[in-house]
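Chemist: Sharing upload38.tsv below, TSV, C-alpha atoms:
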```
chain	number	residue	atom	x	y	z
A	1	MET	CA	14.97	5.56	13.62
A	2	LEU	CA	11.34	4.88	14.54
A	3	PRO	CA	9.52	7.22	16.93
A	4	SER	CA	9.11	6.29	20.57
A	5	THR	CA	5.79	5.28	22.05
A	6	GLN	CA	5.65	8.69	23.73
A	7	THR	CA	5.15	10.48	20.40
A	8	SER	CA	2.00	12.56	20.20
A	9	THR	CA	0.37	12.73	16.81
A	10	VAL	CA	-1.91	15.33	15.28
A	11	LEU	CA	-4.56	14.00	12.92
A	12	GLU	CA	-3.93	15.56	9.53
A	13	TYR	CA	-6.52	13.89	7.31
A	14	ASP	CA	-9.66	11.85	7.60
A	15	PHE	CA	-8.87	9.27	4.99
A	16	LEU	CA	-5.68	7.59	3.82
A	17	VAL	CA	-5.46	5.29	0.80
A	18	ILE	CA	-2.36	3.11	0.52
A	19	GLY	CA	-2.12	1.20	-2.73
A	20	TYR	CA	0.70	-1.31	-2.83
A	21	GLY	CA	2.14	-3.73	-5.36
A	22	ASN	CA	4.88	-4.18	-7.93
A	23	GLU	CA	4.33	-1.89	-10.91
A	24	LEU	CA	6.64	-4.04	-13.06
A	25	CYS	CA	4.52	-7.17	-12.62
A	26	GLY	CA	1.41	-6.57	-14.69
A	27	ASP	CA	-1.78	-6.77	-12.65
A	28	ASP	CA	0.10	-6.60	-9.34
A	29	ALA	CA	0.19	-2.83	-10.01
A	30	VAL	CA	-3.54	-2.38	-9.34
A	31	GLY	CA	-2.93	-1.04	-5.81
A	32	PRO	CA	-0.53	1.73	-6.81
A	33	TRP	CA	-2.64	2.50	-9.92
A	34	VAL	CA	-5.78	3.06	-7.81
A	35	ALA	CA	-3.83	5.12	-5.25
A	36	MET	CA	-2.48	7.40	-7.99
A	37	VAL	CA	-5.97	8.00	-9.38
A	38	VAL	CA	-7.28	8.86	-5.89
A	39	ALA	CA	-4.34	11.27	-5.44
A	40	ASP	CA	-5.31	12.96	-8.73
A	41	TRP	CA	-8.76	13.71	-7.28
A	42	ASN	CA	-7.06	16.29	-4.98
A	43	LEU	CA	-9.70	15.93	-2.29
A	44	PRO	CA	-9.38	17.84	0.98
A	45	ALA	CA	-8.56	15.71	4.04
A	46	VAL	CA	-7.68	12.72	1.83
A	47	LYS	CA	-4.13	11.49	1.28
A	48	SER	CA	-3.22	8.72	-1.12
A	49	LEU	CA	0.10	6.87	-1.35
A	50	ALA	CA	1.31	4.45	-4.04
A	51	VAL	CA	4.05	2.17	-2.70
A	52	SER	CA	5.72	-1.04	-3.83
A	53	GLN	CA	5.45	-2.63	-0.38
A	54	LEU	CA	4.23	-1.87	3.13
A	55	THR	CA	7.11	-0.72	5.31
A	56	PRO	CA	7.44	0.41	8.95
A	57	GLU	CA	7.93	4.01	7.84
A	58	LEU	CA	4.23	4.14	6.88
A	59	THR	CA	3.25	4.09	10.56
A	60	ALA	CA	3.79	7.86	10.76
A	61	GLU	CA	1.18	8.37	8.03
A	62	LEU	CA	-1.22	5.85	9.55
A	63	ALA	CA	-1.07	7.62	12.91
A	64	LYS	CA	-2.28	10.86	11.24
A	65	ALA	CA	-5.47	9.37	9.73
A	66	ASN	CA	-8.90	8.43	11.02
A	67	TYR	CA	-9.53	5.84	8.30
A	68	VAL	CA	-7.26	3.86	5.98
A	69	MET	CA	-7.99	1.75	2.94
A	70	PHE	CA	-5.22	-0.63	1.88
A	71	VAL	CA	-5.54	-1.53	-1.82
A	72	ASP	CA	-3.87	-4.66	-3.21
A	73	ALA	CA	-4.15	-7.31	-5.91
A	74	CYS	CA	-5.98	-10.51	-5.07
A	75	GLY	CA	-4.63	-13.48	-7.00
A	76	GLN	CA	-7.19	-16.01	-5.77
A	77	LYS	CA	-8.81	-17.44	-8.90
A	78	ALA	CA	-12.18	-17.96	-7.19
A	79	ILE	CA	-12.49	-14.21	-6.46
A	80	ARG	CA	-14.03	-12.44	-9.45
A	81	THR	CA	-15.02	-9.10	-7.91
A	82	VAL	CA	-13.57	-6.46	-5.60
A	83	GLN	CA	-13.49	-7.55	-1.94
A	84	ILE	CA	-13.53	-5.14	1.03
A	85	ASP	CA	-12.82	-6.53	4.46
A	86	PRO	CA	-12.34	-4.71	7.77
A	87	ILE	CA	-8.99	-5.16	9.50
A	88	THR	CA	-9.07	-5.57	13.26
A	89	ILE	CA	-5.88	-5.26	15.26
A	90	TYR	CA	-5.00	-7.43	18.22
A	91	ASP	CA	-5.62	-6.10	21.73
A	92	GLU	CA	-2.46	-7.87	22.81
A	93	GLN	CA	0.35	-8.23	20.31
A	94	PRO	CA	1.20	-11.90	19.79
A	95	SER	CA	4.75	-12.75	20.80
A	96	SER	CA	5.35	-14.35	17.41
A	97	MET	CA	4.79	-11.07	15.54
A	98	ALA	CA	8.19	-9.80	14.39
A	99	PHE	CA	8.76	-6.08	13.93
A	100	ALA	CA	12.21	-6.36	12.38
A	101	ALA	CA	11.03	-7.14	8.85
A	102	HIS	CA	11.32	-4.64	6.00
A	103	SER	CA	7.95	-5.58	4.51
A	104	TYR	CA	4.66	-5.84	6.39
A	105	ASP	CA	1.08	-6.85	5.79
A	106	PRO	CA	-1.68	-4.36	6.71
A	107	LEU	CA	-2.44	-6.00	10.07
A	108	ALA	CA	1.20	-6.01	11.19
A	109	LEU	CA	1.56	-2.38	10.12
A	110	LEU	CA	-1.54	-1.36	12.09
A	111	ASN	CA	-0.29	-3.23	15.15
A	112	LEU	CA	3.05	-1.45	14.88
A	113	THR	CA	1.26	1.90	14.55
A	114	GLN	CA	-0.70	1.16	17.72
A	115	ARG	CA	2.48	0.17	19.53
A	116	LEU	CA	4.41	3.28	18.46
A	117	TYR	CA	1.68	5.94	18.58
A	118	ASN	CA	-0.89	4.43	20.94
A	119	ARG	CA	-3.52	4.82	18.19
A	120	HIS	CA	-4.38	3.48	14.77
A	121	PRO	CA	-6.97	4.34	12.12
A	122	GLN	CA	-10.03	2.26	11.40
A	123	ALA	CA	-8.90	0.08	8.49
A	124	TRP	CA	-10.08	-1.95	5.51
A	125	LEU	CA	-8.37	-4.11	2.91
A	126	LEU	CA	-9.69	-3.65	-0.61
A	127	GLN	CA	-8.56	-6.48	-2.87
A	128	ILE	CA	-8.87	-6.33	-6.63
A	129	PRO	CA	-9.02	-9.61	-8.58
A	130	VAL	CA	-6.28	-10.00	-11.17
A	131	GLU	CA	-5.35	-12.39	-13.95
A	132	SER	CA	-1.59	-12.28	-14.24
A	133	CYS	CA	1.34	-10.83	-12.34
A	134	ASP	CA	3.88	-11.67	-15.03
A	135	LEU	CA	6.65	-9.23	-15.87
A	136	ARG	CA	4.92	-6.74	-18.12
A	137	GLY	CA	4.17	-3.07	-17.87
A	138	GLU	CA	0.41	-2.79	-18.19
A	139	LEU	CA	-2.79	-3.93	-16.55
A	140	SER	CA	-5.05	-6.52	-18.15
A	141	SER	CA	-8.57	-5.46	-19.14
A	142	PHE	CA	-9.88	-7.64	-16.29
A	143	ALA	CA	-7.67	-5.79	-13.76
A	144	ARG	CA	-8.72	-2.40	-15.19
A	145	GLN	CA	-12.37	-3.34	-14.66
A	146	GLY	CA	-11.51	-4.25	-11.08
A	147	CYS	CA	-9.75	-0.90	-10.63
A	148	ASP	CA	-12.87	0.92	-11.83
A	149	ARG	CA	-15.01	-0.98	-9.31
A	150	ALA	CA	-12.42	-0.29	-6.58
A	151	LEU	CA	-12.49	3.44	-7.32
A	152	ARG	CA	-16.30	3.46	-7.07
A	153	SER	CA	-16.01	1.63	-3.73
A	154	ILE	CA	-13.52	4.20	-2.44
A	155	GLU	CA	-15.82	7.03	-3.55
A	156	GLN	CA	-18.64	5.42	-1.56
A	157	PHE	CA	-16.39	5.07	1.50
A	158	LEU	CA	-15.49	8.76	1.27
A	159	VAL	CA	-19.17	9.71	1.20
A	160	THR	CA	-19.96	7.39	4.11
A	161	TYR	CA	-16.98	8.07	6.42
A	162	ARG	CA	-15.74	11.60	5.75
A	163	SER	CA	-16.56	14.48	8.06
A	164	PRO	CA	-19.54	16.59	6.89
A	165	ILE	CA	-17.36	19.72	6.59
A	166	TYR	CA	-15.42	18.05	3.75
A	167	ALA	CA	-18.37	16.57	1.88
```
Please express the file's structure as structure tokens.

Modeler:
Amino acid sequence: MLPSTQTSTVLEYDFLVIGYGNELCGDDAVGPWVAMVVADWNLPAVKSLAVSQLTPELTAELAKANYVMFVDACGQKAIRTVQIDPITIYDEQPSSMAFAAHSYDPLALLNLTQRLYNRHPQAWLLQIPVESCDLRGELSSFARQGCDRALRSIEQFLVTYRSPIYA
């Protein structure tokens, strides 16, 4: 059962990283891979989650953060480097947006968080270019290079956006 819109939420961390993708499909695992590395950093006021897909249950975590970075694979062949784009939620939820699905995109998840908790974190989508999402268990060298660039980008975001008491 999802919380009601009357739920009050206490901020628990400044920064949330959510890496998502299928770890069985080669380079599609870049999101979870990056999230696991960030979790291993054990930084105060930073939480990192590796998930296979974005689900409504993540709204509870989103409501507890000031900032969120969604990390995913980007399969567009023209993209050859890491892309970071801000995500802006709608002031008014479009009537066509369905909240009954089991899998969401970052924007839909942020809109649901706003609807349920009357707040949402400032958000970005970090996309890592990949070569192949075939069934295989490891990342390509191209995807690993993208993961390294993504981790450096996340480090820079932490320096830029974290509260001074945690720096």

Chemist: Using atom CA of Ile89 of chain A and atom CA of Leu151 of chain A as the two end points, give the distance in Å to one decimal.

Modeler: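 Between atom CA of Ile89 of chain A and atom CA of Leu151 of chain A the gap is 25.1 Å.
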
Chemist: What separation in Å, quoted to one decimal, exists between atom CA of Gln145 of chain A and atom CA of Leu107 of chain A?

Modeler: 26.8 Å

Chemist: Return the single residue from A:Leu11, A:Ala123, A:Val38, A:Ala108 that is closest to Lys64 of chain A, with distances computed using all atoms listed in the file.

Modeler: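 Counting all atoms listed in the file, the residue closest to Lys64 of chain A is A:Leu11.
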
Chemist: Determine the nearest neighbour of Ser153 of chain A from the options A:Ile84, A:Val68, A:Tyr104, A:Asn118, counting only C-alpha atoms.

Modeler: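 Checking each of A:Ile84, A:Val68, A:Tyr104, A:Asn118 against Ser153 of chain A, counting only C-alpha atoms, the winner is A:Ile84.
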
Chemist: In Å, how far is it from atom CA of Ala65 of chain A to atom CA of Thr81 of chain A?

Modeler: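 Between atom CA of Ala65 of chain A and atom CA of Thr81 of chain A the gap works out to 27.3 Å.
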
Chemist: So which one's closest to Ser48 of chain A, A:Met36, A:Leu158, A:Val130, A:Leu112? Using only C-alpha atoms, please.

Modeler: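 Ranking A:Met36, A:Leu158, A:Val130, A:Leu112 by distance to Ser48 of chain A, first place goes to A:Met36.
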
Chemist: Given the point (3.7, 0.5, 6.0) in the file's coordinates, find the residues that have an atom at most 12 Å from it, counting all atoms listed in the file, and give them as a PyMOL selection string.

Modeler: chain A and resi 16-20+49-63+68+70+99+101-113

Chemist: Counting only C-alpha atoms, figure out which residue out of A:Ile154, A:Val159, A:Cys25, A:Val71 gets nearest to Pro129 of chain A.

Modeler: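 Of A:Ile154, A:Val159, A:Cys25, A:Val71, the one nearest Pro129 of chain A is A:Val71, counting only C-alpha atoms.
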
Chemist: Need the shell around Glu23 of chain A: protein/DNA/RNA residues with any atom at most 9 Å away, counting only C-alpha atoms. Skip same-chain ones fewer than 4 positions apart. Format as an mmCIF file with C-alpha atoms, keeping the file's coordinate frame?

Modeler:
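Printed below is around.cif as written:
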```
data_model
loop_
_atom_site.group_PDB
_atom_site.id
_atom_site.type_symbol
_atom_site.label_atom_id
_atom_site.label_comp_id
_atom_site.auth_asym_id
_atom_site.auth_seq_id
_atom_site.Cartn_x
_atom_site.Cartn_y
_atom_site.Cartn_z
ATOM 1 C CA ASP A 27 -1.780 -6.770 -12.650
ATOM 2 C CA ASP A 28 0.100 -6.600 -9.340
ATOM 3 C CA ALA A 29 0.190 -2.830 -10.010
ATOM 4 C CA VAL A 30 -3.540 -2.380 -9.340
ATOM 5 C CA GLY A 31 -2.930 -1.040 -5.810
ATOM 6 C CA PRO A 32 -0.530 1.730 -6.810
ATOM 7 C CA TRP A 33 -2.640 2.500 -9.920
ATOM 8 C CA SER A 52 5.720 -1.040 -3.830
ATOM 9 C CA ARG A 136 4.920 -6.740 -18.120
ATOM 10 C CA GLY A 137 4.170 -3.070 -17.870
ATOM 11 C CA GLU A 138 0.410 -2.790 -18.190
#
```
